[in-house]
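Presented below is the structure to which this report refers.
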Amino acid sequence: MTSEPQQEPVAVGAAGAARLEAGVRLYIQAFFTNDHTSGPPFAAMDLDTTVLKDMTRRQQLCVQERLSLLEVDLSPADHGHEGSEVAIRSWGLRIPGSDFWFHGQPKGEGACQTRAIAVDELWSALQTDAETPQEEMPEGFAWFGGALVYGPDDLDDLLEVLEDYRPELAAKERELEMALAIAEEKSASLQQASTASPARRSPKL
């Protein structure tokens with residue numbers, strides 16, 4: 001009997017590796033499976049090198065053992081409980097072979113789940129930064145206040161929710177935008193000054 005090919009770890013590249021070394025908070029859009037109940041609108045996960053390696057290991061195990069998924073007892077680093085009508089009793093991180101999502105179980109019916117994220121798209125997003133034009137970002141991803149945000153259903157709506165629920169992120173985003181604007185203005189001024197400067201003449205012998 002031939003063994004299944006092992007899934008290769010995703011290469012995150014130099015930029016992604018440096019970002020993971022420092023740590024990145026990822027906010028993921030969430031929904032409630034019961035249409036008549038409002039659950040947390042998002043859940044957050046802190047990403048670093050250890051988390052990446054652990055997730056890759058579990059994905060490989062799913063492939064090798066032909067498992068549909070593995071569930072890890074892990075609660076979100078943050079979630080939008082302010083916008084929820086229910087209290088989540090337990091959380092788990094579900095990891096099949098190629099993506100992952102949070103699953104939260106309340107006391108009553110239904111469940112809270114985040115949108116599934118394809119791991120390769122996540123690592124592509126980690127190669128970008130706040131200066132990356134939105135049209136060049138992987139679909140559904142954006143940087144906001146130094147955090148990575150994933151909202152495939154309605155990214156703008158999720159950003160508005162985070163701005164309301166997490167004003168510290170909005171404040172940091174404004175600081176980053178101001179710093180970027182100042183840097184661009186300074187660069188433009190230097191370029192203009194360089195263009196306007198007359199060429200120096202060589203002295204006559």
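Ligands are numbered from 1 in the order shown, residues from 1 within each chain, and chains are lettered A, B, ... in the order they appear in the structure tokens.
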Near-A:Gln59 list (9 Å; only C-alpha atoms; drop same-chain fewer than 4 positions) as a ChimeraX atom specification: /A:7,54-55,63-64,69-70,95-99
Close residues, A:Leu155 itself excluded, 9 Å, only C-alpha atoms, min 4 positions apart in chain, as an MDAnalysis selection string: chainID A and resid 29 140:142 149:151 159:160
Preceding selection exported with all heavy atoms as a PDB file, in the first residue's frame:
```pdb
ATOM      1  N   GLN A  29     -13.987  37.465  10.326  1.00  0.00           N
ATOM      2  CA  GLN A  29     -15.436  37.671  10.325  1.00  0.00           C
ATOM      3  C   GLN A  29     -16.146  36.419  10.832  1.00  0.00           C
ATOM      4  O   GLN A  29     -15.784  35.293  10.472  1.00  0.00           O
ATOM      5  CB  GLN A  29     -15.895  37.994   8.909  1.00  0.00           C
ATOM      6  CG  GLN A  29     -17.314  38.513   8.802  1.00  0.00           C
ATOM      7  CD  GLN A  29     -17.567  39.068   7.411  1.00  0.00           C
ATOM      8  OE1 GLN A  29     -17.127  38.506   6.425  1.00  0.00           O
ATOM      9  NE2 GLN A  29     -18.267  40.184   7.334  1.00  0.00           N
ATOM     10  N   GLY A 140     -10.505  39.581   0.393  1.00  0.00           N
ATOM     11  CA  GLY A 140     -11.080  39.490   1.733  1.00  0.00           C
ATOM     12  C   GLY A 140     -10.174  39.977   2.840  1.00  0.00           C
ATOM     13  O   GLY A 140     -10.615  40.117   3.981  1.00  0.00           O
ATOM     14  N   PHE A 141      -8.895  40.252   2.544  1.00  0.00           N
ATOM     15  CA  PHE A 141      -7.932  40.664   3.563  1.00  0.00           C
ATOM     16  C   PHE A 141      -7.673  42.168   3.506  1.00  0.00           C
ATOM     17  O   PHE A 141      -7.740  42.786   2.444  1.00  0.00           O
ATOM     18  CB  PHE A 141      -6.595  39.943   3.376  1.00  0.00           C
ATOM     19  CG  PHE A 141      -6.601  38.503   3.794  1.00  0.00           C
ATOM     20  CD1 PHE A 141      -6.843  37.504   2.865  1.00  0.00           C
ATOM     21  CD2 PHE A 141      -6.362  38.143   5.115  1.00  0.00           C
ATOM     22  CE1 PHE A 141      -6.841  36.169   3.240  1.00  0.00           C
ATOM     23  CE2 PHE A 141      -6.360  36.810   5.497  1.00  0.00           C
ATOM     24  CZ  PHE A 141      -6.600  35.821   4.559  1.00  0.00           C
ATOM     25  N   ALA A 142      -7.335  42.728   4.662  1.00  0.00           N
ATOM     26  CA  ALA A 142      -6.914  44.127   4.750  1.00  0.00           C
ATOM     27  C   ALA A 142      -6.119  44.299   6.040  1.00  0.00           C
ATOM     28  O   ALA A 142      -6.270  43.522   6.993  1.00  0.00           O
ATOM     29  CB  ALA A 142      -8.113  45.072   4.744  1.00  0.00           C
ATOM     30  N   VAL A 149      -6.979  41.701   8.914  1.00  0.00           N
ATOM     31  CA  VAL A 149      -8.427  41.497   8.997  1.00  0.00           C
ATOM     32  C   VAL A 149      -8.881  40.648   7.814  1.00  0.00           C
ATOM     33  O   VAL A 149      -8.431  40.856   6.682  1.00  0.00           O
ATOM     34  CB  VAL A 149      -9.166  42.857   8.984  1.00  0.00           C
ATOM     35  CG1 VAL A 149     -10.674  42.652   9.028  1.00  0.00           C
ATOM     36  CG2 VAL A 149      -8.705  43.718  10.155  1.00  0.00           C
ATOM     37  N   TYR A 150      -9.775  39.693   8.092  1.00  0.00           N
ATOM     38  CA  TYR A 150     -10.321  38.846   7.027  1.00  0.00           C
ATOM     39  C   TYR A 150     -11.840  38.882   7.085  1.00  0.00           C
ATOM     40  O   TYR A 150     -12.452  38.400   8.042  1.00  0.00           O
ATOM     41  CB  TYR A 150      -9.832  37.408   7.178  1.00  0.00           C
ATOM     42  CG  TYR A 150     -10.325  36.482   6.079  1.00  0.00           C
ATOM     43  CD1 TYR A 150      -9.949  36.682   4.752  1.00  0.00           C
ATOM     44  CD2 TYR A 150     -11.162  35.406   6.374  1.00  0.00           C
ATOM     45  CE1 TYR A 150     -10.391  35.841   3.747  1.00  0.00           C
ATOM     46  CE2 TYR A 150     -11.603  34.554   5.370  1.00  0.00           C
ATOM     47  CZ  TYR A 150     -11.216  34.771   4.061  1.00  0.00           C
ATOM     48  OH  TYR A 150     -11.658  33.938   3.058  1.00  0.00           O
ATOM     49  N   GLY A 151     -12.438  39.478   6.059  1.00  0.00           N
ATOM     50  CA  GLY A 151     -13.895  39.574   5.988  1.00  0.00           C
ATOM     51  C   GLY A 151     -14.383  39.290   4.587  1.00  0.00           C
ATOM     52  O   GLY A 151     -14.665  40.223   3.831  1.00  0.00           O
ATOM     53  N   LEU A 159     -14.657  46.100   8.968  1.00  0.00           N
ATOM     54  CA  LEU A 159     -13.778  47.196   9.378  1.00  0.00           C
ATOM     55  C   LEU A 159     -14.551  48.241  10.182  1.00  0.00           C
ATOM     56  O   LEU A 159     -14.029  48.798  11.157  1.00  0.00           O
ATOM     57  CB  LEU A 159     -13.131  47.840   8.148  1.00  0.00           C
ATOM     58  CG  LEU A 159     -12.107  46.967   7.408  1.00  0.00           C
ATOM     59  CD1 LEU A 159     -11.672  47.641   6.114  1.00  0.00           C
ATOM     60  CD2 LEU A 159     -10.900  46.666   8.288  1.00  0.00           C
ATOM     61  N   GLU A 160     -15.795  48.500   9.797  1.00  0.00           N
ATOM     62  CA  GLU A 160     -16.625  49.440  10.552  1.00  0.00           C
ATOM     63  C   GLU A 160     -16.936  48.896  11.945  1.00  0.00           C
ATOM     64  O   GLU A 160     -16.940  49.641  12.933  1.00  0.00           O
ATOM     65  CB  GLU A 160     -17.924  49.717   9.792  1.00  0.00           C
ATOM     66  CG  GLU A 160     -17.737  50.569   8.542  1.00  0.00           C
ATOM     67  CD  GLU A 160     -19.049  50.823   7.821  1.00  0.00           C
ATOM     68  OE1 GLU A 160     -20.106  50.403   8.360  1.00  0.00           O
ATOM     69  OE2 GLU A 160     -19.026  51.428   6.741  1.00  0.00           O
TER      70      GLU A 160
END
```
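Nearest to A:Arg25 of all the residues A:Leu52, A:Ala170, A:Leu190, A:Ala147 is A:Ala147, based on only C-alpha atoms.
The nearest approach to A:Val24 among the residues A:Leu61, A:Leu148, A:Ala116, A:Ala44, with only C-alpha atoms taken into account, belongs to A:Leu148.
Using only C-alpha atoms, the shortest contact distance between A:Thr49 and any of A:Arg19, A:His81, A:Lys186, A:Lys172 is found at A:Arg19.
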Backbone DSSP call of strand (DSSP E) for stretch 8-147 of chain A, listed as a PyMOL selection string: chain A and resi 24-32+42-47+70-72+78-79+88-95+99-106+112-114+117-118+141-144+147
Nearby residues (only C-alpha atoms) at most 7 Å from A:Pro138, same-chain spacing under 4 positions excluded, as an NGL selection string: :A and (121 or 124-125)
Mind dumping the selected residues with N, CA and C atoms as a tab-separated table (two decimals), in the first residue's frame?
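Resulting contents of out13.tsv:
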```
chain	number	residue	atom	x	y	z
A	121	GLU	N	-3.66	31.40	1.38
A	121	GLU	CA	-4.05	32.80	1.20
A	121	GLU	C	-3.64	33.64	2.41
A	124	SER	N	-0.03	34.38	2.06
A	124	SER	CA	0.15	35.40	1.02
A	124	SER	C	-0.12	36.79	1.61
A	125	ALA	N	-1.15	36.88	2.44
A	125	ALA	CA	-1.48	38.17	3.06
A	125	ALA	C	-0.37	38.62	4.00
```
Selected residue of minimal separation from A:Thr56 among A:Thr114, A:Asp73, A:Asp120, A:Glu85, counting only C-alpha atoms: A:Asp120
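Among A:Leu180, A:Val51, A:Met45, A:Ala193, the residue with the shortest atom-to-atom distance to A:Ala77, counting only C-alpha atoms, is A:Met45.
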A:Gly80 surroundings by only C-alpha atoms, 8 Å radius, close-in-sequence under 3 positions cut, as a PyMOL selection string: chain A and resi 40-43+83-84+165
Write out, as an mmCIF file, in the first residue's frame, the residues just selected, with C-alpha atoms.
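The resulting result09.cif:
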```cif
data_model
loop_
_atom_site.group_PDB
_atom_site.id
_atom_site.type_symbol
_atom_site.label_atom_id
_atom_site.label_comp_id
_atom_site.auth_asym_id
_atom_site.auth_seq_id
_atom_site.Cartn_x
_atom_site.Cartn_y
_atom_site.Cartn_z
ATOM 1 C CA PRO A 40 -20.142 37.763 17.951
ATOM 2 C CA PRO A 41 -19.339 39.510 14.642
ATOM 3 C CA PHE A 42 -15.666 38.543 14.767
ATOM 4 C CA ALA A 43 -13.065 36.435 16.528
ATOM 5 C CA GLY A 83 -22.589 42.547 19.622
ATOM 6 C CA SER A 84 -23.710 39.085 20.718
ATOM 7 C CA TYR A 165 -15.815 47.951 18.989
#
```
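Atom CA of A:Ala18 lies 22.6 Å from atom CA of A:Arg58.
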Selection: 9 Å around A:Gly23, only C-alpha atoms, excl. self and same-chain fewer than 6 positions, as a PyMOL selection string: chain A and resi 46-49
Take the residues from that selection and put them in a file with N, CA, C and O atoms, as a compact mmCIF listing (two decimals), in the first residue's frame.
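selection_3.txt, written as the output of this step:
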```txt
# COMPACT_ATOMS: atom_id res chain seq x y z
N ASP A 46 -4.08 35.22 17.58
CA ASP A 46 -2.71 35.73 17.57
C ASP A 46 -1.81 34.75 16.84
O ASP A 46 -1.67 33.59 17.24
N LEU A 47 -1.21 35.22 15.76
CA LEU A 47 -0.35 34.38 14.93
C LEU A 47 1.11 34.65 15.24
O LEU A 47 1.52 35.79 15.40
N ASP A 48 1.88 33.59 15.33
CA ASP A 48 3.34 33.71 15.43
C ASP A 48 3.95 32.45 14.81
O ASP A 48 3.24 31.59 14.29
N THR A 49 5.25 32.35 14.87
CA THR A 49 5.94 31.22 14.24
C THR A 49 5.51 29.89 14.83
O THR A 49 5.30 28.90 14.12
```
9 Å contact set for stretch 174-177 of chain A, only C-alpha atoms, chain neighbours under 6 positions out, as a ChimeraX atom specification: /A:130,145-146
Those of stretch 61-120 of chain A in DSSP alpha helix (DSSP H), formatted as JSON, numbers by chain: {"A": [61, 62, 63, 64, 65, 119, 120]}
Deliver the residues from the most recent selection as a file, using C-alpha atoms, as a compact mmCIF listing (two decimals), in the first residue's frame.
```txt
# COMPACT_ATOMS: atom_id res chain seq x y z
CA LEU A 61 -1.65 14.75 10.30
CA CYS A 62 -5.08 15.20 8.70
CA VAL A 63 -3.63 14.26 5.32
CA GLN A 64 -1.60 11.32 6.60
CA GLU A 65 -4.41 9.83 8.70
CA VAL A 119 -3.86 28.78 4.81
CA ASP A 120 -2.01 29.58 1.59
```
